[in-house]
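What follows is data-v1.txt (compact mmCIF, C-alpha atoms).
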# COMPACT_ATOMS: atom_id res chain seq x y z
CA MET A 1 -4.97 7.97 12.30
CA LYS A 2 -6.91 4.75 12.42
CA LYS A 3 -5.21 1.72 13.89
CA THR A 4 -5.53 -0.19 10.61
CA VAL A 5 -3.09 2.18 8.94
CA ALA A 6 -0.50 1.69 11.65
CA LEU A 7 -0.82 -2.09 11.60
CA THR A 8 -0.71 -2.31 7.82
CA LEU A 9 2.29 -0.04 7.43
CA ALA A 10 4.25 -1.43 10.36
CA ALA A 11 3.73 -5.02 9.24
CA ALA A 12 4.61 -4.29 5.63
CA LEU A 13 7.73 -2.33 6.51
CA SER A 14 8.86 -5.03 8.91
CA ALA A 15 8.52 -7.56 6.10
CA ALA A 16 10.54 -5.31 3.81
CA ALA A 17 13.20 -4.90 6.47
CA LEU A 18 13.56 -8.68 6.55
CA SER A 19 13.85 -8.73 2.74
CA VAL A 20 10.66 -10.72 2.32
CA THR A 21 9.64 -10.68 -1.35
CA ALA A 22 7.07 -12.70 -3.26
CA LEU A 23 8.83 -12.60 -6.61
CA ALA A 24 12.16 -13.48 -8.09
CA ALA A 25 14.37 -10.55 -9.03
CA GLY A 26 13.87 -9.25 -12.53
CA SER A 27 10.52 -10.98 -13.12
CA MET A 28 8.11 -8.29 -11.94
CA THR A 29 5.31 -6.96 -14.11
CA ALA A 30 3.16 -3.91 -13.45
CA VAL A 31 0.33 -6.09 -12.14
CA GLN A 32 2.69 -7.88 -9.76
CA ALA A 33 4.04 -4.52 -8.56
CA GLU A 34 0.47 -3.41 -7.86
CA ASP A 35 -0.22 -6.58 -5.87
CA LEU A 36 2.90 -6.03 -3.78
CA ALA A 37 2.13 -2.34 -3.25
CA ALA A 38 -1.39 -3.17 -2.08
CA GLN A 39 0.11 -4.91 0.97
CA TYR A 40 1.31 -1.52 2.21
CA VAL A 41 -2.04 0.30 2.25
CA PRO A 42 -5.12 -0.07 4.46
CA GLU A 43 -7.92 -2.41 3.47
CA GLY A 44 -10.51 -0.66 1.33
CA SER A 45 -7.99 1.48 -0.55
CA GLU A 46 -8.56 1.64 -4.31
CA LYS A 47 -5.78 1.75 -6.88
CA THR A 48 -6.02 4.99 -8.86
CA TRP A 49 -3.13 4.69 -11.30
CA THR A 50 0.27 3.13 -11.94
CA GLU A 51 3.17 4.62 -13.86
CA TYR A 52 6.74 3.62 -14.61
CA ASP A 53 9.27 6.36 -13.87
CA ASP A 54 13.03 6.40 -13.35
CA GLY A 55 13.29 2.62 -13.27
CA ARG A 56 10.50 2.05 -10.72
CA TYR A 57 6.77 1.41 -10.67
CA GLU A 58 4.81 4.10 -8.83
CA VAL A 59 1.51 2.65 -7.65
CA ASN A 60 -1.08 5.11 -6.30
CA PHE A 61 -4.10 4.40 -4.08
CA TYR A 62 -6.88 6.38 -2.40
CA ASN A 63 -8.90 5.45 0.68
CA SER A 64 -12.22 7.32 0.69
CA THR A 65 -13.02 6.34 4.29
CA LEU A 66 -9.75 7.72 5.66
CA GLN A 67 -9.58 10.44 2.96
CA GLU A 68 -5.95 9.58 2.44
CA SER A 69 -3.85 8.94 -0.68
CA TYR A 70 -0.83 6.65 -0.93
CA GLU A 71 2.07 6.17 -3.33
CA VAL A 72 4.17 3.02 -3.19
CA LYS A 73 7.33 2.74 -5.30
CA VAL A 74 8.53 -0.70 -6.39
CA ASN A 75 11.85 -1.64 -7.96
CA PRO A 76 11.05 -4.29 -10.60
CA ALA A 77 14.68 -5.44 -10.76
CA THR A 78 14.68 -6.53 -7.12
CA GLY A 79 10.97 -7.14 -6.58
CA LYS A 80 11.01 -4.90 -3.50
CA VAL A 81 9.25 -1.76 -2.31
CA THR A 82 11.63 1.19 -1.96
CA ASP A 83 9.36 4.06 -0.86
CA PHE A 84 6.00 4.60 0.84
CA ASP A 85 4.32 8.02 0.89
CA SER A 86 0.92 9.07 2.22
CA SER A 87 -1.03 12.31 2.45
CA LEU A 88 -4.38 13.19 3.99
CA LEU A 89 -6.79 15.00 1.71
CA ASP A 90 -6.59 17.95 4.11
CA HIS A 91 -2.92 17.91 5.12
CA ARG A 92 -2.76 21.47 6.37
CA GLY A 93 -1.43 22.06 9.85
CA SER A 94 -2.73 24.60 12.34
CA ARG A 95 -2.11 28.22 13.20
CA THR A 96 -2.01 27.17 16.85
CA VAL A 97 0.55 24.84 18.45
CA THR A 98 -0.43 22.91 21.57
CA LEU A 99 1.72 19.76 21.30
CA THR A 100 5.32 19.59 22.44
CA GLU A 101 8.14 18.15 20.32
CA GLU A 102 8.04 15.02 22.47
CA GLN A 103 4.32 14.56 21.84
CA ALA A 104 4.82 15.02 18.09
CA GLY A 105 7.54 12.37 18.16
CA ALA A 106 5.23 10.04 20.07
CA ALA A 107 2.81 10.12 17.14
CA VAL A 108 5.54 8.43 15.07
CA THR A 109 6.67 5.90 17.66
CA GLY A 110 3.03 5.12 18.38
CA GLU A 111 2.70 3.85 14.82
CA LEU A 112 6.23 2.45 14.38
CA ALA A 113 7.14 1.07 17.77
CA ASP A 114 10.85 0.49 17.06
CA ALA A 115 11.42 3.90 15.43
CA GLU A 116 14.02 6.26 16.87
CA VAL A 117 13.18 9.95 16.58
CA LEU A 118 16.20 11.77 15.14
CA SER A 119 14.89 15.34 15.01
CA THR A 120 11.67 17.31 15.36
CA VAL A 121 11.18 20.63 13.56
CA LEU A 122 8.27 23.02 13.99
CA ASP A 123 7.73 24.23 10.45
CA ARG A 124 5.59 27.01 8.97
CA ASP A 125 4.07 27.12 5.48
CA ASP A 126 1.49 29.71 4.36
CA GLY A 127 0.78 30.53 7.98
CA TYR A 128 0.15 26.94 9.05
CA ARG A 129 2.41 25.13 11.52
CA THR A 130 3.34 21.46 11.37
CA TYR A 131 5.89 19.25 13.09
CA GLU A 132 8.34 17.51 10.76
CA VAL A 133 9.63 14.42 12.57
CA ARG A 134 12.59 12.52 11.10
CA PHE A 135 13.12 8.95 12.28
CA SER A 136 15.06 5.76 11.70
CA ALA A 137 14.05 2.16 12.36
CA ASP A 138 15.31 -1.32 11.57
CA GLY A 139 15.25 -1.41 7.79
CA PHE A 140 13.52 1.88 7.02
CA TYR A 141 13.65 5.60 7.77
CA GLY A 142 12.00 8.85 6.76
CA GLU A 143 9.89 11.77 7.90
CA TYR A 144 6.35 12.20 9.22
CA THR A 145 4.39 15.46 9.18
CA ILE A 146 2.35 15.85 12.37
CA HIS A 147 -0.57 18.18 13.14
CA PRO A 148 0.60 20.43 16.02
CA GLU A 149 -2.76 20.35 17.85
CA THR A 150 -4.28 16.94 17.24
CA GLY A 151 -1.19 14.79 16.67
CA ALA A 152 -2.69 13.42 13.45
CA ILE A 153 -0.25 12.07 10.89
CA LEU A 154 -0.74 14.39 7.92
CA GLU A 155 1.93 12.97 5.62
CA ARG A 156 4.43 10.10 5.60
CA ASP A 157 7.65 9.88 3.58
CA VAL A 158 9.27 6.50 4.23
CA LYS A 159 12.35 4.98 2.57
CA VAL A 160 12.96 1.25 2.81
CA GLY A 161 16.59 0.49 3.55
CA THR A 162 19.35 1.72 5.86
CA LEU A 163 19.66 5.41 6.66
CA PRO A 164 22.69 6.70 4.69
CA GLY A 165 25.76 6.98 6.92
CA SER A 166 24.32 4.94 9.78
CA ALA A 167 25.40 1.43 8.77
CA SER A 168 28.59 1.51 10.84
CA SER A 169 26.95 2.83 13.98
CA SER A 170 23.95 1.61 15.93
CA THR A 171 23.36 5.15 17.17
CA ALA A 172 23.02 7.69 14.37
CA SER A 173 25.15 10.79 14.81
CA ALA A 174 24.61 14.28 13.43
CA SER A 175 27.60 13.98 11.11
CA ALA A 176 26.42 10.62 9.78
CA LEU A 177 22.90 11.82 9.13
CA GLY A 178 23.81 15.10 7.49
CA ALA A 179 20.79 17.33 7.05
CA ALA A 180 18.44 14.76 8.58
CA ALA A 181 20.07 14.82 11.99
CA SER A 182 20.93 18.50 11.80
CA SER A 183 17.45 19.82 11.09
CA SER A 184 16.12 20.30 14.61
CA SER A 185 14.86 23.83 15.15
CA SER A 186 15.20 23.67 18.91
CA PRO A 187 17.80 26.05 20.40
CA SER A 188 19.25 23.03 22.24
CA SER A 189 20.45 21.72 18.86
CA GLY A 190 22.82 24.68 18.51
CA TYR A 191 20.46 26.63 16.25
CA ILE A 192 18.61 29.80 17.16
CA GLY A 193 15.15 28.27 16.61
CA THR A 194 12.26 29.28 14.36
CA GLU A 195 10.82 31.85 16.75
CA LYS A 196 14.12 33.74 16.93
CA ALA A 197 14.58 33.52 13.15
CA GLU A 198 11.12 35.00 12.64
CA SER A 199 11.81 37.84 15.07
CA ILE A 200 15.08 38.67 13.28
CA ALA A 201 13.22 38.85 9.97
CA LEU A 202 10.47 41.05 11.42
CA GLU A 203 13.04 43.47 12.82
CA LYS A 204 14.05 44.04 9.21
CA ALA A 205 10.43 44.10 8.01
CA PRO A 206 8.37 45.80 10.74
CA GLY A 207 4.63 45.47 10.18
CA ALA A 208 4.96 42.31 8.10
CA THR A 209 3.55 38.88 8.97
CA VAL A 210 5.61 35.70 8.65
CA VAL A 211 3.91 33.21 6.31
CA LYS A 212 6.70 30.62 6.14
CA CYS A 213 9.75 29.70 8.19
CA LYS A 214 11.70 26.57 7.30
CA LEU A 215 15.05 25.14 8.33
CA ASP A 216 17.06 24.01 5.30
CA ARG A 217 20.59 23.36 4.10
CA GLU A 218 22.10 25.76 1.56
CA ASP A 219 25.66 25.37 0.24
CA GLY A 220 26.62 23.22 3.21
CA ARG A 221 25.19 25.66 5.77
CA MET A 222 21.98 25.32 7.78
CA VAL A 223 19.73 28.35 7.28
CA TYR A 224 16.22 29.47 8.10
CA GLU A 225 14.26 30.46 5.00
CA VAL A 226 11.72 33.06 6.09
CA GLU A 227 8.96 34.55 3.97
CA ALA A 228 6.84 37.47 5.18
CA ARG A 229 4.17 39.76 3.74
CA ASP A 230 2.99 43.29 4.40
CA GLY A 231 0.06 43.88 2.08
CA TRP A 232 1.40 43.58 -1.46
CA LEU A 233 5.01 43.70 -0.27
CA GLU A 234 6.77 40.34 -0.04
CA TYR A 235 9.96 39.69 1.94
CA GLU A 236 12.34 36.72 1.68
CA PHE A 237 15.20 36.05 4.08
CA GLU A 238 17.95 33.50 4.56
CA ILE A 239 19.17 33.57 8.14
CA ASP A 240 22.17 31.64 9.44
CA ALA A 241 20.72 28.96 11.74
CA ALA A 242 23.67 29.07 14.15
CA THR A 243 24.46 32.80 14.37
CA GLY A 244 21.24 34.57 13.37
CA SER A 245 23.03 36.61 10.71
CA ILE A 246 20.92 37.64 7.71
CA LEU A 247 22.65 36.06 4.71
CA LYS A 248 20.16 37.10 2.02
CA TYR A 249 17.36 39.63 1.96
CA ASP A 250 14.88 40.56 -0.75
CA ALA A 251 11.74 42.71 -0.82
CA GLU A 252 9.46 43.23 -3.80
CA TYR A 253 5.85 44.05 -4.58
CA ASP A 254 3.60 41.20 -5.71
CA ASP A 255 2.03 42.14 -9.03
Same coordinates, now as structure tokens:
Amino acid sequence: MKKTVALTLAAALSAAALSVTALAAGSMTAVQAEDLAAQYVPEGSEKTWTEYDDGRYEVNFYNSTLQESYEVKVNPATGKVTDFDSSLLDHRGSRTVTLTEEQAGAAVTGELADAEVLSTVLDRDDGYRTYEVRFSADGFYGEYTIHPETGAILERDVKVGTLPGSASSSTASASALGAAASSSSSPSSGYIGTEKAESIALEKAPGATVVKCKLDREDGRMVYEVEARDGWLEYEFEIDAATGSILKYDAEYDD
């Protein structure tokens, strides 16, 4: 990712963390929201559209040089940005993983110097692998999607504010963060890991190929959701992340 993106985002988020706003609360128009949102995107980005949804302005931009789109959400009642999202035009990952979890986390801290990496998950979707890195910083938190070979930032999902449950502690704990701090797929986190979850699924579906494996929370329990295919036959599994037990299993032909 070009340095201009890192500088623009880091500076804007730091300003938000310090509650710097240009407008009085309750006085914001759509045009003023667009002007504020523009401070969060790299120079040369063009506004594509603005809409008002669920009490917030959603201002969208596209940068043709970086081939990256951005969405900035603004609360007109407070005159502050609440969310910043970005996505590369080609935000697929890779079928090959060469970076370690530490290197994936460094892609986040390289852009947001004061960020603390909370968890790093190697995810799979449609056969492509990506690292999902959750982080917290002073005044904002969120998740970055990292390419597992190049370290490129494929997507950003940033919330402005204090990570829920962390206000009373300078060091976020797993119980305070809920799913965010509990989502690491590394066996050292107490979970079996994505590779083991995939092998458990394939024992039940020999000859199939895993196309997706994702750690998620279901009914208060952390599970691996595994999808696999064998020709026209599709398999779906829910596997207990701690024990490896198959909780749900389904197989059907794709019409």
Could you give me, as a compact mmCIF listing (two decimals) with C-alpha atoms, in the frame of the given file, the residues that have an atom at most 7 Å away from the point (-4.8, 6.2, -10.5) in the coordinates of the file, using all atoms listed in the file?
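Once written, out22.txt looks like this:
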# COMPACT_ATOMS: atom_id res chain seq x y z
CA LYS A 47 -5.78 1.75 -6.88
CA THR A 48 -6.02 4.99 -8.86
CA TRP A 49 -3.13 4.69 -11.30
CA THR A 50 0.27 3.13 -11.94
CA ASN A 60 -1.08 5.11 -6.30
CA PHE A 61 -4.10 4.40 -4.08
### Message
Please compute the atom CA of A:Leu233-atom CA of A:Leu215 distance, one decimal, in Å.
### Response
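Straight-line distance from atom CA of A:Leu233 to atom CA of A:Leu215 works out to 22.8 Å.
With all atoms listed in the file as the basis for measurement, A:Thr130 is the residue among A:Thr243, A:Ser69, A:Thr130, A:Asn63 that approaches A:Arg95 most closely.
Taking atom CA of A:Val108 and atom CA of A:Glu155 as the two end points, the separation is 11.1 Å.
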### Message
Could you check the closest approach to A:Ile192 for each of A:Ser245, A:Thr100, A:Thr209, A:Thr145 and tell me which residue wins, using all atoms listed in the file?
### Response
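Nearest to A:Ile192: A:Ser245.
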#### Entry: Using only C-alpha atoms: which of A:Ala208, A:Gly244, A:His147, A:Asp216 has the shortest distance to A:Glu195
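Distance minimum relative to A:Glu195 lands on A:Gly244.
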### Query
Which of these, A:Leu112, A:Cys213, A:Ala37, A:Ala242, has the shortest distance to A:Tyr191 once you count all atoms listed in the file?
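Of A:Leu112, A:Cys213, A:Ala37, A:Ala242, the one nearest A:Tyr191 is A:Ala242, counting all atoms listed in the file.
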Need the shell around A:Glu116: protein/DNA/RNA residues with any atom at most 7 Å away, counting all atoms listed in the file. Skip same-chain ones fewer than 6 positions apart. Format as a PDB file with C-alpha atoms, keeping the file's coordinate frame?
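So the final result, stored in around-v2.pdb, reads:
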ATOM      1  CA  PHE A 135      13.120   8.950  12.280  1.00  0.00           C
ATOM      2  CA  SER A 136      15.060   5.760  11.700  1.00  0.00           C
ATOM      3  CA  ALA A 137      14.050   2.160  12.360  1.00  0.00           C
TER       4      ALA A 137
END
#### Entry: Between atom CA of A:Gly139 and atom CA of A:Thr29 - distance in Å to one decimal
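Answer for the atom CA of A:Thr29 to atom CA of A:Gly139 separation: 24.7 Å.
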### Within 12 Å of A:Pro206 using only C-alpha atoms, minus same-chain residues under 6 positions, as a list in words
Glu198, Ser199, Ile200, Ala228, Arg229, Asp230, Leu233 and Tyr235 of chain A
May I have the residues at most 6 Å from (2.8, 10.2, 2.9) in the file's coordinates, counting all atoms listed in the file, as a JSON list (two decimals) with C-alpha atoms, keeping the file's coordinate frame?
[["chain", "number", "residue", "atom", "x", "y", "z"],
["A", 85, "ASP", "CA", 4.32, 8.02, 0.89],
["A", 86, "SER", "CA", 0.92, 9.07, 2.22],
["A", 87, "SER", "CA", -1.03, 12.31, 2.45],
["A", 155, "GLU", "CA", 1.93, 12.97, 5.62],
["A", 156, "ARG", "CA", 4.43, 10.10, 5.60],
["A", 157, "ASP", "CA", 7.65, 9.88, 3.58]]
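Minimum atom-to-atom distances from A:Ala152, A:Val97, A:Leu163, A:Leu122 to A:Lys214 were compared using only C-alpha atoms, and the lowest value belongs to A:Leu122.
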### Task
Would you mind listing what lies within 12 Å of A:Ile153 as JSON, numbers by chain, with only C-alpha atoms counted and same-chain residues fewer than 4 positions away left out?
{"A": [1, 2, 3, 5, 6, 66, 68, 85, 86, 87, 88, 89, 90, 91, 92, 93, 104, 105, 106, 107, 108, 109, 110, 111, 130, 131, 132, 133, 143, 144, 145, 146, 147, 148, 149, 157]}
